[in-house]
Structures are given as C-alpha cells and as structure tokens.
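Engineer: I'd like to ask some things about the structure below.
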2 protein chains.
Amino acid sequence: MNNQKISTRSYKGVRDFYPEDKFVQQYIFGKMQAAAEKFGYEEYDASILESTDLYRAKSGEELINEQVYTFTDRGGREVTLRPEMTPSLARMIAKRGNELVMPTRWYNIGNHFRYERPQKGRGREFWQLNADIFGVDGLEAEVEIIGLSYELMKSFGAVNDDFEIRVNDRQFVQKVFDESGLDSEQSYKMSKIFDKKNKLTQDVFEEQVGEVLGGDAGNFLNKIQNVETPQSIKDVIEKLNNRGVDNVVFDLFLMRGLDYYTGIVFEVFDMDPANNRSMFGGGRYDNLLDIFGKEKLPAVGFGMGDMTIFEFLQSRDLLPVYKPSADLYLCIFDFEYTDFTDKLAQDLRDQGLNVAVDYSYAKIGKQIKVADKKGISFVICIGEDEVKKDEFVLKNMSSRDGVKLLKSDIVAKIKQ
Amino acid sequence: MNNQKISTRSYKGVRDFYPEDKFVQQYIFGKMQAAAEKFGYEEYDASILESTDLYRAKSGEELINEQVYTFTDRGGREVTLRPEMTPSLARMIAKRGNELVMPTRWYNIGNHFRYERPQKGRGREFWQLNADIFGVDGLEAEVEIIGLSYELMKSFGAVNDDFEIRVNDRQFVQKVFDESGLDSEQSYKMSKIFDKKNKLTQDVFEEQVGEVLGGDAGNFLNKIQNVETPQSIKDVIEKLNNRGVDNVVFDLFLMRGLDYYTGIVFEVFDMDPANNRSMFGGGRYDNLLDIFGKEKLPAVGFGMGDMTIFEFLQSRDLLPVYKPSADLYLCIFDFEYTDFTDKLAQDLRDQGLNVAVDYSYAKIGKQIKVADKKGISFVICIGEDEVKKDEFVLKNMSSRDGVKLLKSDIVAKIKQ
C-alpha cells in the first residue's frame with residue numbers, strides 16, 4: 001500500500017449520492033416507475049456499454065467524437081458509454097422482432113453519459129426515464145404518452161399553472177415549408193432556426209429567416225404568423241382535454257432538435273417566469289429500426305431527466321423530506337443485554353419493522369442523541385428492567401413522549 | 001443515415017434485460033433492499049466513473065492493467081469503470097469525515113465492470129449489493145452483517161439445508177502462522193494456498209504447504225489439523241445461534257482473496273452437491289481509509305452479486321413467476337368508443353389500478369389474445385353496450401369467467 005494521499009473528490013461532472021441524496025433520487029425514480037406502470041409499461045434495461053457502431057450509424061461521426069465517452073477495449077472493440085437510451089432500445093426491439101406482441105409498452109430508468117462541460121442541471125452522468133409505445137399508428141399513442149407525462153407531473157405534486165405542454169407536428173411544419181417553396185436544404189436550416197427561436201430576439205429571428213430564404217422574409221413570416229392549428233394537433237388537444245389534461249397548446253416553433261422525429265412532437269415547459277424553459281419531451285419516431293434493416297415500426301416516446309425534474313421540484317418546494325430507513329432505534333445500557341436486544345430486534349423485523357441497534361454502550365443519552373441526529377422516529381432503551389419484565393418504554397422522538405408497552409404491542413404502536 | 005445494417009447483439013459479456021429478465025432482477029434487488037432496510041441500512045450511490053488513482057492506490061498497477069476498464073477522457077483524465085464498490089464507499093466516507101454519526105449503516109445496489117472472459121455466472125457487467133456498518137469495534141458488527149446475509153437468504157425462500165455460513169478469523173490464522181515460525185513472506189504465501197485449498201487435492205495441498213515451509217510439512221499440517229475453534233469465532237457462532245442462525249461453521253482455510261480484511265471473514269456456501277461453492281461473503285476491514293490519510297475506522301461489510309444469487313435461485317426453483325405491470329387490459333370495439341375508454345382507464349388508474357389499452361381496433365378476439373400473451377390477468381371490452389349502460393363484463397383470464405360489474409366495483413373486484 002502506497003502512502004500518497006488520494007483525493008476524496010468524485011470524477012469531474014458526476015455526483016455522489018449520500019443517503020439524503022439517494023432518498024430524493026429514489027423518490028423521483030419511484031414516481032417515474034409508478035406512473036409508467038399505471039399505464040401498463042414494462043421495465044427493460046440494457047448495459048451502459050454498447051458497441052460504438054450503434055451510435056455511429058445514427059448520429060454520424062460528429063457526435064461520436066465530441067460528446068460521447070468512447071474507448072477501445074483490450075480486445076480491440078470500440079465501446080461507448082450510452083449517451084441516450086433510444087439506440088439500445090431500438091437494438092433490443094429489432095433483435096426480438098416478430099416475437100413482440102403489439103402494442104408494446106416499455107420503460108427504463110437508466111444512467112447516461114455525455115462528455116461536456118458540467119454546469120447547473122447538466123452533468124456528465126445523468127439519469128433518465130424513457131417510456132415508449134410501439135405498434136400504434138394513430139394519435140392514441142401520442143395522446144397516451146403526453147397523458148403519461150402529465151400524470152407524472154401531477155404525481156410529483158405539480159399543478160396546471162406550474163407547467164405547460166406544447167405540441168407541434170413535424171409533418172405539418174414540412175407542409176408549411178413546402179407550400180412556401182423551401183427546398184430540402186432550406187427546410188432543414190429553417191427547422192434549426194425554429195428550434196432556437198426562444199433563444200433569439202424577434203429581430204435576429206427574422207434576419208436569420210431572411211438569410212435562409214435568400215431575400216425578403218415578409219411573405220413567409222406573414223404566413224407562419226397566421227398559420228392555423230392543424231387538424232392533427234386539434235385532435236390531440238381535444239383527446240387530452242377529454243382526459244382532463246388541459247394545459248396543452250400548439251407551438252409551430254417546437255422542433256425538438258433530434259432529427260429522428262417523424263410526426264407529433266411535444267415538450268413540457270416550466271412556467272416559472274424566473275426559469276421558463278423546456279424540461280423534457282418526446283414525440284413520434286417511426287423510423288427507429290432503419291439502421292437494423294427492419295421495416296417501419298410505429299413508435300412514440302418521451303424521456304425525462306433526473307436533474308431537470310429535481311430542479312423543478314426544488315424550485316416549487318416539492319421535494320420530499322428525508323426519512324431514514326429505520327423505524328426504531330434500540331439503545332443498550334450494557335453488554336450483558338445485547339443478546340436480548342438482538343433477539344428483540346429480529347422479532348420486530350420479522351413483524352415488518354425496520355430496526356437498527358446501537359452497539360456503542362456509550363451513555364444512554366448519547367445513544368438517544370444518535371437516533372435523533374439520524375432522524376429515526378422511535379427509540380427503545382434496553383436495560384435490566386426491560387430484560388426482567390419484558391416491558392418497554394417506546395420513546396417518540398418528535399413529541400418526546402414515552403409509552404409503556406408489551407413487546408407484542410410495539411409494532412402496532414409504531415405503525416399507527 | 002447510413003444503409004449498412006448494424007448488429008442487434010449487445011456488447012460482449014453484458015446482458016440485455018427484456019421485461020421478463022428485468023422483472024427477475026427487480027425481484028432480487030427488492031429483496032436485497034428490503035433486507036438491508038430491515039436492519040436500518042441507508043442507501044447511497046456513486047457514479048460508475050471514478051478517477052483511476054482511486055484503484056491504483058489500493059490495488060497496485062496489476063489490477064488496473066488487466067481486469068479493469070480504464071481509459072483517458074478528452075480532458076486527459078484517467079477514468080475507470082468501477083470494478084467494485086468499496087473504493088467509492090471509502091472515498092465518500094473519507095470525504096464526509098467527522099460529520100458522519102456512528103454507527104453508520106449503508107448499502108448500495110450498483111453495477112460494476114470487469115474486463116474478463118465472459119463465462120457462466122461471470123459477466124463483464126454485474127450488479128452487487130454492498131452493505132457495510134462503520135464505527136462498531138466489537139463482534140456485534142460481524143454478527144449483524146452475517147445475520148443480515150442469513151435473513152436475505154431466507155427472504156429468497158432458501159432453507160438452512162440449502163446453504164452454510166463459514167467463518168474464519170484472519171488474526172487467528174496469523175497467530176497460527178506466527179506460532180509455527182512462518183515469516184511474513186511465508187505467511188502471505190500460505191494464506192494464498194489456504195485460499196485455494198478447496199480447489200486442490202489433499203496431496204497437492206500438502207505438497208504446496210511443504211514448498212512454502214521449505215522442508216517437512218508434518219508438524220505444521222498436524223497443528224492445523226488439530227487447531228481448536230478460537231474464542232472470537234465461538235462468540236460469533238454463539239451470538240448467531242441466539243438469533244436463530246444455526247448453519248454456521250468454523251473454517252480455518254477460509255481467507256477471502258482480498259488483502260484488505262483485518263479480522264473475521266465469512267462466506268455463504270451453496271450446499272447443492274452439484275454446485276458446492278462460495279456464493280458471496282465479507283468481513284472486517286478496519287484499514288479502509290488508509291489511502292486517504294485518515295485514521296482507522298471499524299468497518300464490516302459484505303457483497304452479494306446478482307448473477308450468483310440468480311443461479312442459486314434458479315437451481316432451487318425459487319425464481320418468481322413473471323407478472324406484467326398491467327392489472328387490466330381494455331379492448332375497444334371501434335374508434336368511437338376510444339374517448340370513453342381513455343376516460344375509464346384514467347379513472348381506474350386514479351383508483352390505483354395499472355391499466356393498459358389496446359388501440360388496434362382489430363377483431364375483439366385478437367385483442368383479448370394480446371392480453372393473454374402478455375399475461376395480463378383481467379380484460380374488459382368496451383363497445384356500444386358498455387358506453388350506454390355504464391356496466392362492464394370483467395373477464396378473468398385464468399378462469400375464463402366473466403362477471404358483470406358497475407364501474408365503481410371494478411377496482412375492488414380486481415384487487416380481491
């Protein structure tokens with residue numbers, strides 16, 4: 001062993017989860033899981049290690065080189081730490097092929113890696129819920145996925161004023177571009193400008209639109225200003241209203257960067273004026289299996305990252321209060337009562353209680369203080385009296401009250 | 001997009017988890033979590049990415065070079081995919097330092113990576129429960145950790161005959177070596193031979209012992225054959241018996257490869273004659289914080305891998321039967337009933353039911369077959385009658401019976 005001191009810091013841009021952090025993360029994951037399963041989604045998973053080819057095919061060399069953790073293993077294989085779930089999902093769906101019974105509803109809560117400068121809300125490792133439905137051609141799939149996003153927000157305690165769901169239809173946008181005489185290169189550039197419109201002033205936006213059109217932007221700007229909500233979006237909004245989802249609006253400029261969307265796209269916006277931004281979203285992407293040489297498969301999905309939702313919950317004071325796993329802390333007056341205490345602890349565990357024991361044999365007040373610092377709700381101290389009489393004083397740590405109980409009444413009292 | 005077909009295989013040595021696989025994994029994780037929390041352990045986590053220095057300090061260059069995934073990131077940092085949890089745990093404990101209230105009980109269920117030839121029960125990515133107690137000097141800590149391992153095995157449905165807990169004391173072994181006149185190099189070599197004794201014939205074992213002693217092994221072999229159970233082990237076994245853990249035995253040859261154990265070590269053995277082997281184990285390692293220049297901290301812990309326990313459960317027929325997340329499948333006769341169905345589905349979800357909907361509008365028999373293939377227990381079909389009368393036929397997919405119900409009775413009937 002080497003005497004040089006090692007740093008206790010984590011690797012750059014990733015997080016340590018101390019119990020109070022993990023508690024919050026598990027709360028978030030629990031809500032994600034519950035919402036997905038309420039809609040009948042099944043959990044799947046893949047390794048974070050994938051062959052680099054899987055990403056190269058879809059994203060091109062650029063993404064591979066710059067934002068992704070890629071290395072060569074000792075056997076000469078190029079390996080990538082997954083930056084997102086969809087390619088792994090596509091691989092698994094393609095592998096199983098016709099064995100899958102449609103509609104297939106899958107979800108995953110997994111970690112992903114991006115090599116980028118760490119900043120608020122963006123880490124090099126982040127977790128994300130992905131929920132996807134396959135095999136449904138109609139708008140029912142979009143309505144369900146948006147409905148699931150909405151229910152998830154509600155389950156976190158958000159109210160309608162806290163967030164807004166914005167919806168667009170990429171096919172409709174393409175139709176608008178086509179009708180305005182844009183060629184495919186102009187369409188591509190225009191969609192990139194639409195995508196970042198929220199970050200531009202109106203002047204800069206109009207200037208950039210003019211550049212793409214190579215001349216006067218007036219007609220085009222006039223057309224898009226007066227564009228009417230397309231039927232597809234009207235249908236989606238109506239069906240969502242029918243389900244009680246009524247904070248949904250049409251947004252012609254919503255693109256969602258990724259090129260693979262083929263129809264309806266949506267994003268959930270934080271309506272806090274101080275932090276108005278897209279939190280997460282999704283849409284339809286029917287060409288998922290292209291790279292595996294498989295035919296079209298109807299697919300609609302969304303992804304929600306853990307860091308964004310954490311910030312939302314924090315700003316709305318919706319994060320849960322930490323609760324330790326132990327329901328009861330047993331303090332021991334002296335060595336000779338340990339066997340008795342261990343047996344009692346195990347009896348209570350067998351009855352469904354989570355029980356931790358203090359083996360310090362320190363002054364009893366100090367042991368009780370340990371329970372207090374850990375936030376454990378109940379304490380019982382074991383000494384001569386308890387062992388002799390098999391009767392216990394259950395101390396409630398918030399009220400500071402103590403009640404005398406028989407062993408058989410401890411569990412019921414704590415659970416009540 | 002590129003037209004070359006990409007392979008649907010996962011990266012070598014890692015696993016895809018289809019819903020039926022993930023279900024089993026979550027069952028295993030759920031049991032691990034429940035057992036750890038019953039003893040008051042708190043969940044923590046760290047990233048799988050760690051600075052390579054963290055492992056180099058403890059393990060030396062050899063482990064870094066051969067069995068570990070290590071690469072250099074785009075910023076020139078050496079990064080390692082964690083091969084085990086303990087170094088990350090030590091780093092987090094050292095970072096928090098005196099803020100931690102002792103005793104500290106922590107657990108983690110995380111994935112780890114080793115570059116090795118994939119084989120039965122060993123993958124390049126595996127998951128492991130780690131549970132550790134800090135700040136307890138006495139054998140109470142060992143007894144608790146072994147007791148927790150035992151309760152975990154029981155919670156999986158294992159009975160005492162299925163497994164055996166073997167215990168040793170590294171300090172006692174050292175004492176035996178010292179009394180036999182072994183120097184420190186001989187002691188080290190001898191402990192390696194003890195460690196692999198189970199894989200050697202008695203002749204080869206004796207020959208290797210002789211080689212280390214550089215002469216006649218008779219006296220030494222005689223001594224170890226007649227060695228009596230040391231007091232520490234007697235105490236541990238007695239205290240475990242007191243808790244009802246009675247399949248514990250002393251095993252002088254149990255070493256547990258890792259050099260960092262400093263006292264009691266234990267392993268849980270599969271007693272299946274066809275597959276008799278160590279499944280998992282742990283022990284005391286009080287020098288955990290050495291590499292951070294921190295003082296001794298009493299620490300006892302164990303780790304249980306997901307692949308080994310999976311095989312154990314499979315061989316004992318203790319794996320759970322797959323159950324999909326949806327409790328109820330709603331089939332729809334025609335488009336016009338979709339809004340009604342979606343509303344019903346959402347009502348039932350709000351009452352705590354997991355509900356999936358079929359949007360195929362295929363023949364109703366085909367939709368019911370989909371529910372059957374997915375293993376969903378209950379089906380309701382929605383058509384003109386249901387919409388008009390607000391009365392439903394709940395079909396039980398195993399008994400094939402149908403019962404007529406009002407909407408308000410659906411949840412109770414399914415939960416019963």
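Identifiers in the structure tokens: chain A, B, ... in order shown; residue index from 1 per chain; ligand index from 1 in order shown.
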So which residues touch region 87-93 of chain B within 7 Å, counting only C-alpha atoms, skipping near sequence neighbours fewer than 6 positions away, as a ChimeraX atom specification?

Structural biologist: /A:8 /B:46,54-55,288-289

Engineer: Taking only region 28-157 of chain B into account, list the residues labelled strand (DSSP E) by DSSP (computed from the backbone), as number ranges by chain.

Structural biologist: B: 42-43, 49-51, 70-72, 78-81, 104-113, 125-134

Engineer: Would you kindly return, as a list of chain:residue names, each protein, DNA or RNA residue with an atom no farther than 6 Å from any atom of Ala131 (chain B), considering only C-alpha atoms and excluding same-chain residues fewer than 5 positions away?

Structural biologist: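 Using only C-alpha atoms, the neighbours found are B:Trp106, B:Tyr107, B:Gly301, B:Phe302.
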
Engineer: Save the residues we just selected, C-alpha atoms, as a PDB file, in the first residue's frame?

Structural biologist:
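That gives us again_29.pdb:
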ATOM      1  CA  TRP B 106     -25.020   1.991   4.350  1.00  0.00           C
ATOM      2  CA  TYR B 107     -25.986  -0.180   1.406  1.00  0.00           C
ATOM      3  CA  GLY B 301     -19.394  -5.477   5.274  1.00  0.00           C
ATOM      4  CA  PHE B 302     -20.396  -7.947   2.610  1.00  0.00           C
TER       5      PHE B 302
END

Engineer: For Ser187 (chain B), find every residue with an atom within 10 Å (counting only C-alpha atoms), except residues of its own chain fewer than 3 positions away, and show them as a JSON list (two decimals) with N, CA and C atoms, in the first residue's frame.

Structural biologist:
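Output (part-v6.json):
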[["chain", "number", "residue", "atom", "x", "y", "z"],
["B", 173, "VAL", "N", -5.58, -16.86, 12.22],
["B", 173, "VAL", "CA", -4.75, -17.58, 11.25],
["B", 173, "VAL", "C", -3.31, -17.06, 11.33],
["B", 174, "GLN", "N", -3.18, -15.74, 11.43],
["B", 174, "GLN", "CA", -1.84, -15.15, 11.53],
["B", 174, "GLN", "C", -1.12, -15.66, 12.77],
["B", 176, "VAL", "N", -1.60, -18.51, 14.23],
["B", 176, "VAL", "CA", -1.18, -19.89, 13.95],
["B", 176, "VAL", "C", 0.10, -19.90, 13.12],
["B", 177, "PHE", "N", 0.15, -19.03, 12.13],
["B", 177, "PHE", "CA", 1.35, -18.94, 11.29],
["B", 177, "PHE", "C", 2.55, -18.49, 12.13],
["B", 178, "ASP", "N", 2.34, -17.47, 12.95],
["B", 178, "ASP", "CA", 3.44, -16.96, 13.79],
["B", 178, "ASP", "C", 3.96, -18.06, 14.72],
["B", 180, "SER", "N", 3.91, -21.10, 14.28],
["B", 180, "SER", "CA", 4.60, -22.14, 13.52],
["B", 180, "SER", "C", 5.90, -21.64, 12.93],
["B", 181, "GLY", "N", 6.26, -20.40, 13.27],
["B", 181, "GLY", "CA", 7.55, -19.84, 12.83],
["B", 181, "GLY", "C", 7.58, -19.34, 11.40],
["B", 182, "LEU", "N", 6.43, -19.11, 10.79],
["B", 182, "LEU", "CA", 6.42, -18.59, 9.41],
["B", 182, "LEU", "C", 6.79, -17.10, 9.42],
["B", 183, "ASP", "N", 7.66, -16.69, 8.50],
["B", 183, "ASP", "CA", 7.95, -15.26, 8.38],
["B", 183, "ASP", "C", 6.85, -14.61, 7.52],
["B", 184, "SER", "N", 6.97, -13.30, 7.30],
["B", 184, "SER", "CA", 5.82, -12.62, 6.68],
["B", 184, "SER", "C", 5.60, -13.07, 5.23],
["B", 190, "MET", "N", 1.30, -18.79, 2.36],
["B", 190, "MET", "CA", 0.48, -19.84, 2.97],
["B", 190, "MET", "C", -1.00, -19.46, 2.91],
["B", 191, "SER", "N", -1.28, -18.17, 3.14],
["B", 191, "SER", "CA", -2.69, -17.77, 3.12],
["B", 191, "SER", "C", -3.26, -17.92, 1.70],
["B", 192, "LYS", "N", -2.43, -17.73, 0.68],
["B", 192, "LYS", "CA", -2.89, -17.95, -0.70],
["B", 192, "LYS", "C", -3.22, -19.43, -0.94],
["B", 193, "ILE", "N", -2.39, -20.31, -0.35],
["B", 193, "ILE", "CA", -2.64, -21.75, -0.51],
["B", 193, "ILE", "C", -3.92, -22.15, 0.24],
["B", 212, "VAL", "N", 6.29, -24.05, 0.73],
["B", 212, "VAL", "CA", 6.37, -22.76, 1.43],
["B", 212, "VAL", "C", 7.24, -22.88, 2.67],
["B", 213, "LEU", "N", 7.11, -24.02, 3.37],
["B", 213, "LEU", "CA", 7.88, -24.20, 4.60],
["B", 213, "LEU", "C", 9.34, -24.52, 4.29]]

Engineer: CA of Val387 (chain B) and CA of Asp339 (chain B) are how many Å apart?

Structural biologist: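 That distance, rounded to one decimal, is 10.3 Å.
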
Engineer: Which of these, A:Ala356, A:Glu37, A:Phe163, A:Phe126, has the shortest distance to Asp327 (chain B) once you count only C-alpha atoms?

Structural biologist: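 Looking only at the distances to Asp327 (chain B), the closest residue turns out to be A:Glu37.
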
Engineer: Kindly indicate which residue among A:Met102, A:Asn108, A:Ser360, A:Val143 lies nearest to Ser47 (chain A), using only C-alpha atoms for the distances.

Structural biologist: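 Looking only at the distances to Ser47 (chain A), the closest residue turns out to be A:Asn108.
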
Engineer: Just the number, please: distance in Å from CA of Ser399 (chain A) to CA of Lys374 (chain A), one decimal.

Structural biologist: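 Taking CA of Ser399 (chain A) and CA of Lys374 (chain A), their separation equals 16.1 Å.
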
Engineer: Just checking: using only C-alpha atoms, which residue out of A:Glu311, A:Asp162, A:Glu20, A:Glu384 ends up closest to chain B?

Structural biologist: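 Under the stated criterion, the closest residue is A:Glu20.
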
Engineer: Pick out each residue of region 1-112 of chain B that DSSP on the backbone tags as helix (DSSP H, G or I); I need them as a PyMOL selection string.

Structural biologist: chain B and resi 19-38+53-66+86-99

Engineer: Given only C-alpha atoms as the basis, pick out the residue of B:Phe205, B:Tyr11, B:Tyr322, B:Phe29 nearest to chain A.

Structural biologist: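 Going through B:Phe205, B:Tyr11, B:Tyr322, B:Phe29 one by one, the smallest distance to chain A is for B:Tyr11.
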
Engineer: Name the closest residue to Asp358 (chain A) among the candidates B:Phe312, B:Phe134, B:Trp127, B:Phe292; distances are taken between atoms, counting only C-alpha atoms.

Structural biologist: B:Phe134

Engineer: Within 7 Å of Ala35 (chain A), counting only C-alpha atoms, which residues show up once you throw out same-chain ones fewer than 5 positions away? Write them as a short mmCIF file (atom, residue, chain, number, x, y, z; two decimals) with C-alpha atoms, in the first residue's frame, please.

Structural biologist:
data_model
loop_
_atom_site.label_atom_id
_atom_site.label_comp_id
_atom_site.auth_asym_id
_atom_site.auth_seq_id
_atom_site.Cartn_x
_atom_site.Cartn_y
_atom_site.Cartn_z
CA LEU A 148 -48.48 9.84 -19.07
CA GLU A 151 -49.88 12.27 -14.84
CA LEU A 152 -46.23 12.03 -13.87
#

Engineer: Counting only C-alpha atoms, which of A:Gly303, A:Pro273, A:Gly402, A:Gly13 gets nearest to chain B?

Structural biologist: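 Answer, going by the shortest atom-to-atom distance: A:Gly13.
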
Engineer: Can you tell me, as a PyMOL selection string, what residues are no more than 8 Å from Leu330 (chain A) when counting only C-alpha atoms, ignoring any on the same chain fewer than 3 positions away?

Structural biologist: chain A and resi 341+345+355-358+379-382

Engineer: Using only C-alpha atoms, determine which residues lie at most 10 Å from Tyr27 (chain B), disregarding the query and same-chain residues fewer than 3 positions distant; provide the list as an MDAnalysis selection string.

Structural biologist: chainID B and resid 21:24 30:33 156 319:320 322

Engineer: Using CA of Glu336 (chain A) and CA of Lys388 (chain A) as the two end points, give the distance in Å to one decimal.

Structural biologist: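 Taking CA of Glu336 (chain A) and CA of Lys388 (chain A), their separation equals 12.5 Å.
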